[in-house]
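Report on one structure; see the data block that follows.
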Amino acid sequence: MKALGKGSIASFIRWALGFAWWVMWFFAGILTIAAIACTLFFFGLAVHAYKIETDGKSVLMYAPYAAIGFAFVGVSIAGTLAIIWRLRRLFTNFCAGDPFNKSNADHLRWIWIILLFMEVWKYPLGALTVALWAVAPVPVDKDGFNFDDHHNGIDFSTWFAILIIIVLAEVFREGARLREEQELTI
Amino acid sequence: MKALGKGSIASFIRWGLGAAWWVLWIAAAGLALAAIAYVVLLILSAMGIIDASFLNRGHGEFHFGSSGKINIDFDDSGDATWPAIITGFLVGGVAIGGALVIVFRLRKLFANFSSGEPFHKSNADHLRAIWIALLVIEVSRYLLMALMGALLAAFGQTEHAKLNVHVDLSTWFAILIFIVLAEVFREGARLREEQELTI
């Protein structure tokens, strides 16, 4: 099976990305419904907390924590959608046998920018949660709530991936330049 | 900061890969020492110099990367657990050996990137070697998991061993992406060659 062009491995990956695209939209829909329901619940009924079960523990959920959670998941889903959209464009060019299309370097550049934003976005949200926890910790019914279990710190693999995509973007830019020169020569 | 060439991001990644290279060699040495120590313990146990119950452990869990895991209760004597331990060493050996091959190839790739040669002829071969290594590691995991299950069924006297298997799609997806990237780099090398011939 060939790697590039029609009916290639690149086509299969593009198909899988198309599937992932709709799955992510499904999650985006669920998140929107959940956010609306929560907003109605908190503000419509004028309550500020409700009980949820998480990891076998019963905790009271406060509106600010819910807002932080929705901000985090919302940005994650939106960022993933943007990355998949760019990857689909990239693989469309691969399927057309055009790996050094001028736009490919831009797609990769956007992917690392989005990844960077998604990663950096986590830090203020994490800091906000820690600050909120210090002021208003969530009461726990059962075994206690270990904050460390829910805080993973800096994700080096993401930073490494960002650096690799920056390099790949430049490689594709160089490839596009070579192809352009070749076309001019012909 | 520039992405390719000397003092670039590619150079920084190459440095990171160099650090990973030595960490992996330390892990390989640690695994080899542990394997030798285990064999010595088994021999001493068989000779009756030490009590076999010395090797007893209450519970163990073997992870085969993200492909699956086997939970085992070691309620029997130490020498009866050898199928699990020996296969565990093999799994570790394949993982570390495969990672060493991949890091070695990545270092060569990024050495070319650092010297401002992204479409060096060898780069496509490095990427091909990486996807083959990933494929071998993944298939080996399944085979070793089956081997452990078979050995435990034949020789193990464990209280119970629970086998969880699932296919890690992200690894297979990564393999496919590396295949495509290898072809892209081959095409880039061809373009560069043509350009050099034109000049």
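Every chain in the structure tokens takes a letter, A first, then B, and so on in the order presented; its residues are numbered from 1, and the ligands are numbered from 1 following the presented order.
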12 Å contact set for Ile83 in chain A, only C-alpha atoms, chain neighbours under 3 positions out, as a list in words: Leu17, Gly18, Ala20, Trp21, Met24, Val75, Ser76, Ile77, Ala78, Gly79, Thr80, Arg86, Leu87, Arg88, Arg89, Leu90, His107, Leu108, Arg109, Trp110, Ile111, Trp112, Ile113, Ile114, Leu115, Leu116, Phe117 and Met118 of chain A
Expected file contents, prior selection, N, CA and C atoms, as a PDB file, in the first residue's frame:
ATOM      1  N   LEU A  17      -9.399  10.940  10.580  1.00  0.00           N
ATOM      2  CA  LEU A  17      -9.497  12.314  11.102  1.00  0.00           C
ATOM      3  C   LEU A  17     -10.912  12.862  10.895  1.00  0.00           C
ATOM      4  N   GLY A  18     -11.517  12.485   9.783  1.00  0.00           N
ATOM      5  CA  GLY A  18     -12.909  12.890   9.516  1.00  0.00           C
ATOM      6  C   GLY A  18     -13.848  12.310  10.568  1.00  0.00           C
ATOM      7  N   ALA A  20     -12.915  11.408  13.635  1.00  0.00           N
ATOM      8  CA  ALA A  20     -12.594  12.096  14.901  1.00  0.00           C
ATOM      9  C   ALA A  20     -13.250  13.476  14.941  1.00  0.00           C
ATOM     10  N   TRP A  21     -13.300  14.115  13.779  1.00  0.00           N
ATOM     11  CA  TRP A  21     -13.919  15.445  13.654  1.00  0.00           C
ATOM     12  C   TRP A  21     -15.360  15.432  14.144  1.00  0.00           C
ATOM     13  N   MET A  24     -15.665  14.696  17.909  1.00  0.00           N
ATOM     14  CA  MET A  24     -15.378  15.888  18.716  1.00  0.00           C
ATOM     15  C   MET A  24     -16.563  16.853  18.705  1.00  0.00           C
ATOM     16  N   VAL A  75     -12.099  24.708  26.062  1.00  0.00           N
ATOM     17  CA  VAL A  75     -10.882  25.059  25.296  1.00  0.00           C
ATOM     18  C   VAL A  75     -10.227  23.795  24.733  1.00  0.00           C
ATOM     19  N   SER A  76     -10.247  22.714  25.512  1.00  0.00           N
ATOM     20  CA  SER A  76      -9.658  21.450  25.024  1.00  0.00           C
ATOM     21  C   SER A  76     -10.383  20.959  23.777  1.00  0.00           C
ATOM     22  N   ILE A  77     -11.721  20.983  23.825  1.00  0.00           N
ATOM     23  CA  ILE A  77     -12.499  20.484  22.684  1.00  0.00           C
ATOM     24  C   ILE A  77     -12.321  21.417  21.481  1.00  0.00           C
ATOM     25  N   ALA A  78     -12.405  22.728  21.715  1.00  0.00           N
ATOM     26  CA  ALA A  78     -12.248  23.697  20.616  1.00  0.00           C
ATOM     27  C   ALA A  78     -10.860  23.579  19.990  1.00  0.00           C
ATOM     28  N   GLY A  79      -9.833  23.447  20.848  1.00  0.00           N
ATOM     29  CA  GLY A  79      -8.458  23.311  20.354  1.00  0.00           C
ATOM     30  C   GLY A  79      -8.283  22.035  19.554  1.00  0.00           C
ATOM     31  N   THR A  80      -8.853  20.933  20.068  1.00  0.00           N
ATOM     32  CA  THR A  80      -8.742  19.661  19.350  1.00  0.00           C
ATOM     33  C   THR A  80      -9.443  19.746  17.998  1.00  0.00           C
ATOM     34  N   ARG A  86      -7.028  21.362  10.836  1.00  0.00           N
ATOM     35  CA  ARG A  86      -5.744  21.622  10.159  1.00  0.00           C
ATOM     36  C   ARG A  86      -5.119  20.322   9.647  1.00  0.00           C
ATOM     37  N   LEU A  87      -5.197  19.259  10.480  1.00  0.00           N
ATOM     38  CA  LEU A  87      -4.625  17.974  10.064  1.00  0.00           C
ATOM     39  C   LEU A  87      -5.360  17.408   8.845  1.00  0.00           C
ATOM     40  N   ARG A  88      -6.672  17.612   8.806  1.00  0.00           N
ATOM     41  CA  ARG A  88      -7.442  17.137   7.645  1.00  0.00           C
ATOM     42  C   ARG A  88      -6.986  17.828   6.372  1.00  0.00           C
ATOM     43  N   ARG A  89      -6.738  19.145   6.478  1.00  0.00           N
ATOM     44  CA  ARG A  89      -6.241  19.917   5.318  1.00  0.00           C
ATOM     45  C   ARG A  89      -4.866  19.382   4.880  1.00  0.00           C
ATOM     46  N   LEU A  90      -4.031  19.138   5.905  1.00  0.00           N
ATOM     47  CA  LEU A  90      -2.681  18.636   5.634  1.00  0.00           C
ATOM     48  C   LEU A  90      -2.753  17.294   4.894  1.00  0.00           C
ATOM     49  N   HIS A 107      -0.329  25.091   8.094  1.00  0.00           N
ATOM     50  CA  HIS A 107      -1.176  24.202   8.912  1.00  0.00           C
ATOM     51  C   HIS A 107      -0.405  23.724  10.134  1.00  0.00           C
ATOM     52  N   LEU A 108       0.854  23.329   9.920  1.00  0.00           N
ATOM     53  CA  LEU A 108       1.670  22.847  11.049  1.00  0.00           C
ATOM     54  C   LEU A 108       1.972  23.973  12.034  1.00  0.00           C
ATOM     55  N   ARG A 109       2.173  25.165  11.498  1.00  0.00           N
ATOM     56  CA  ARG A 109       2.430  26.308  12.391  1.00  0.00           C
ATOM     57  C   ARG A 109       1.215  26.568  13.276  1.00  0.00           C
ATOM     58  N   TRP A 110       0.029  26.511  12.650  1.00  0.00           N
ATOM     59  CA  TRP A 110      -1.187  26.721  13.449  1.00  0.00           C
ATOM     60  C   TRP A 110      -1.374  25.629  14.492  1.00  0.00           C
ATOM     61  N   ILE A 111      -1.003  24.400  14.129  1.00  0.00           N
ATOM     62  CA  ILE A 111      -1.157  23.279  15.079  1.00  0.00           C
ATOM     63  C   ILE A 111      -0.293  23.510  16.316  1.00  0.00           C
ATOM     64  N   TRP A 112       0.976  23.946  16.126  1.00  0.00           N
ATOM     65  CA  TRP A 112       1.787  24.149  17.331  1.00  0.00           C
ATOM     66  C   TRP A 112       1.320  25.369  18.124  1.00  0.00           C
ATOM     67  N   ILE A 113       0.803  26.388  17.412  1.00  0.00           N
ATOM     68  CA  ILE A 113       0.283  27.556  18.149  1.00  0.00           C
ATOM     69  C   ILE A 113      -0.924  27.144  19.004  1.00  0.00           C
ATOM     70  N   ILE A 114      -1.820  26.341  18.431  1.00  0.00           N
ATOM     71  CA  ILE A 114      -3.005  25.885  19.174  1.00  0.00           C
ATOM     72  C   ILE A 114      -2.595  25.014  20.364  1.00  0.00           C
ATOM     73  N   LEU A 115      -1.646  24.095  20.112  1.00  0.00           N
ATOM     74  CA  LEU A 115      -1.163  23.229  21.208  1.00  0.00           C
ATOM     75  C   LEU A 115      -0.564  24.068  22.335  1.00  0.00           C
ATOM     76  N   LEU A 116       0.198  25.090  21.936  1.00  0.00           N
ATOM     77  CA  LEU A 116       0.823  25.987  22.911  1.00  0.00           C
ATOM     78  C   LEU A 116      -0.248  26.702  23.740  1.00  0.00           C
ATOM     79  N   PHE A 117      -1.268  27.204  23.039  1.00  0.00           N
ATOM     80  CA  PHE A 117      -2.343  27.910  23.737  1.00  0.00           C
ATOM     81  C   PHE A 117      -3.068  26.965  24.706  1.00  0.00           C
ATOM     82  N   MET A 118      -3.366  25.735  24.222  1.00  0.00           N
ATOM     83  CA  MET A 118      -4.069  24.765  25.069  1.00  0.00           C
ATOM     84  C   MET A 118      -3.261  24.427  26.319  1.00  0.00           C
TER      85      MET A 118
END
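The shell of residues at most 12 Å from Ala71 in chain A, with only C-alpha atoms counted and near chain neighbours (fewer than 4 positions) removed, consists of A:Leu31, A:Thr32, A:Ala35, A:Pro64, A:Tyr65, A:Ala66, A:Ala67, A:Val75, A:Ser76, A:Ile77, A:Ala78, A:Gly79, A:Met118, A:Trp121, A:Lys122, A:Pro124, A:Leu125, A:Gly126, A:Leu128, A:Thr129.
Within 8 Å of chain A, chain B contributes the residues B:Ala3, B:Leu4, B:Ile9, B:Ala10, B:Ile13, B:Pro118, B:Phe173, B:Leu176, B:Ile177, B:Ile179, B:Val180, B:Glu183, B:Val184, B:Gly188, B:Leu191, B:Arg192, B:Glu194, B:Gln195, using only C-alpha atoms.
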Pick out the residues sitting within 10 Å of Tyr38 in chain B, and hand them over as JSON, numbers by chain; count only C-alpha atoms, and ignore anything fewer than 6 positions along from it in its own chain. {"B": [32, 44, 55, 82, 85, 86, 89]}
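For the residues B:Gly93, B:Gly16, B:Gly88, B:Pro83, ranking by smallest atom-to-atom distance to Leu106 in chain B using only C-alpha atoms places B:Gly16 first.
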Selection: 10 Å around Phe12 in chain B, only C-alpha atoms, excl. self and same-chain fewer than 4 positions, as a ChimeraX atom specification: /A:163 /B:3,6-8,16-18,110,114
Can I get the selection written as a PDB file, in the first residue's frame, with all heavy atoms?
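Final file, again02.pdb:
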ATOM      1  N   LEU A 163       7.686  21.539  20.228  1.00  0.00           N
ATOM      2  CA  LEU A 163       8.997  21.815  19.619  1.00  0.00           C
ATOM      3  C   LEU A 163       9.180  21.014  18.327  1.00  0.00           C
ATOM      4  O   LEU A 163       9.676  21.527  17.323  1.00  0.00           O
ATOM      5  CB  LEU A 163      10.122  21.489  20.607  1.00  0.00           C
ATOM      6  CG  LEU A 163      10.220  22.375  21.850  1.00  0.00           C
ATOM      7  CD1 LEU A 163      11.383  21.939  22.720  1.00  0.00           C
ATOM      8  CD2 LEU A 163      10.389  23.845  21.463  1.00  0.00           C
TER       9      LEU A 163
ATOM     10  N   ALA B   3      14.294  27.345  13.751  1.00  0.00           N
ATOM     11  CA  ALA B   3      13.874  25.954  13.945  1.00  0.00           C
ATOM     12  C   ALA B   3      14.913  24.953  13.482  1.00  0.00           C
ATOM     13  O   ALA B   3      15.018  23.866  14.053  1.00  0.00           O
ATOM     14  CB  ALA B   3      12.553  25.712  13.214  1.00  0.00           C
ATOM     15  N   LYS B   6      22.304  25.239  13.297  1.00  0.00           N
ATOM     16  CA  LYS B   6      23.031  25.238  14.583  1.00  0.00           C
ATOM     17  C   LYS B   6      22.373  26.186  15.582  1.00  0.00           C
ATOM     18  O   LYS B   6      21.920  27.269  15.197  1.00  0.00           O
ATOM     19  CB  LYS B   6      24.477  25.658  14.349  1.00  0.00           C
ATOM     20  CG  LYS B   6      25.346  24.499  13.902  1.00  0.00           C
ATOM     21  CD  LYS B   6      26.804  24.873  13.842  1.00  0.00           C
ATOM     22  CE  LYS B   6      27.618  23.673  13.345  1.00  0.00           C
ATOM     23  NZ  LYS B   6      29.003  24.015  13.090  1.00  0.00           N
ATOM     24  N   GLY B   7      22.346  25.809  16.859  1.00  0.00           N
ATOM     25  CA  GLY B   7      21.756  26.642  17.903  1.00  0.00           C
ATOM     26  C   GLY B   7      20.259  26.823  17.747  1.00  0.00           C
ATOM     27  O   GLY B   7      19.686  27.785  18.250  1.00  0.00           O
ATOM     28  N   SER B   8      19.625  25.880  17.063  1.00  0.00           N
ATOM     29  CA  SER B   8      18.177  25.981  16.791  1.00  0.00           C
ATOM     30  C   SER B   8      17.367  25.104  17.750  1.00  0.00           C
ATOM     31  O   SER B   8      17.930  24.440  18.630  1.00  0.00           O
ATOM     32  CB  SER B   8      17.903  25.534  15.357  1.00  0.00           C
ATOM     33  OG  SER B   8      18.230  24.161  15.245  1.00  0.00           O
ATOM     34  N   GLY B  16      18.123  16.949  24.010  1.00  0.00           N
ATOM     35  CA  GLY B  16      17.163  16.208  24.843  1.00  0.00           C
ATOM     36  C   GLY B  16      17.197  14.719  24.524  1.00  0.00           C
ATOM     37  O   GLY B  16      17.123  13.879  25.429  1.00  0.00           O
ATOM     38  N   LEU B  17      17.344  14.398  23.233  1.00  0.00           N
ATOM     39  CA  LEU B  17      17.412  12.990  22.825  1.00  0.00           C
ATOM     40  C   LEU B  17      18.707  12.347  23.337  1.00  0.00           C
ATOM     41  O   LEU B  17      18.715  11.165  23.703  1.00  0.00           O
ATOM     42  CB  LEU B  17      17.338  12.881  21.297  1.00  0.00           C
ATOM     43  CG  LEU B  17      15.967  13.180  20.685  1.00  0.00           C
ATOM     44  CD1 LEU B  17      16.080  13.380  19.177  1.00  0.00           C
ATOM     45  CD2 LEU B  17      14.982  12.050  20.978  1.00  0.00           C
ATOM     46  N   GLY B  18      19.767  13.159  23.384  1.00  0.00           N
ATOM     47  CA  GLY B  18      21.038  12.660  23.919  1.00  0.00           C
ATOM     48  C   GLY B  18      20.896  12.278  25.380  1.00  0.00           C
ATOM     49  O   GLY B  18      21.386  11.231  25.815  1.00  0.00           O
ATOM     50  N   PHE B 110      17.759  14.368  13.812  1.00  0.00           N
ATOM     51  CA  PHE B 110      17.888  15.743  14.305  1.00  0.00           C
ATOM     52  C   PHE B 110      19.315  16.285  14.138  1.00  0.00           C
ATOM     53  O   PHE B 110      19.502  17.493  14.128  1.00  0.00           O
ATOM     54  CB  PHE B 110      17.388  15.845  15.756  1.00  0.00           C
ATOM     55  CG  PHE B 110      15.891  15.995  15.813  1.00  0.00           C
ATOM     56  CD1 PHE B 110      15.058  14.893  15.823  1.00  0.00           C
ATOM     57  CD2 PHE B 110      15.297  17.250  15.786  1.00  0.00           C
ATOM     58  CE1 PHE B 110      13.674  15.023  15.833  1.00  0.00           C
ATOM     59  CE2 PHE B 110      13.924  17.393  15.792  1.00  0.00           C
ATOM     60  CZ  PHE B 110      13.112  16.280  15.814  1.00  0.00           C
ATOM     61  N   SER B 114      19.884  19.756  12.530  1.00  0.00           N
ATOM     62  CA  SER B 114      20.761  20.754  13.167  1.00  0.00           C
ATOM     63  C   SER B 114      21.822  21.268  12.199  1.00  0.00           C
ATOM     64  O   SER B 114      22.295  22.395  12.346  1.00  0.00           O
ATOM     65  CB  SER B 114      21.456  20.149  14.390  1.00  0.00           C
ATOM     66  OG  SER B 114      20.495  19.716  15.310  1.00  0.00           O
TER      67      SER B 114
END
Please provide as a ChimeraX atom specification all residues within 12 Å of Ile137 in chain B, with the sequence filter that same-chain residues fewer than 5 positions apart are discarded (counting only C-alpha atoms). /B:64-67,90-102,130-132,142-144,171-172,175
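Pairwise distance (CA of Thr158 in chain A, CA of Val120 in chain A) equals 10.6 Å.
Relative to CA of Ala84 in chain B, CA of Arg141 in chain B is found at 13.8 Å.
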Between B:Leu31, B:Leu152, B:Val103, B:Ile50, single out the one closest to Ala19 in chain B, counting only C-alpha atoms. B:Val103
For a test of reading the model, state the distance in Å between CA of Arg190 in chain B and CA of His120 in chain B, rounded to one decimal. 9.5 Å
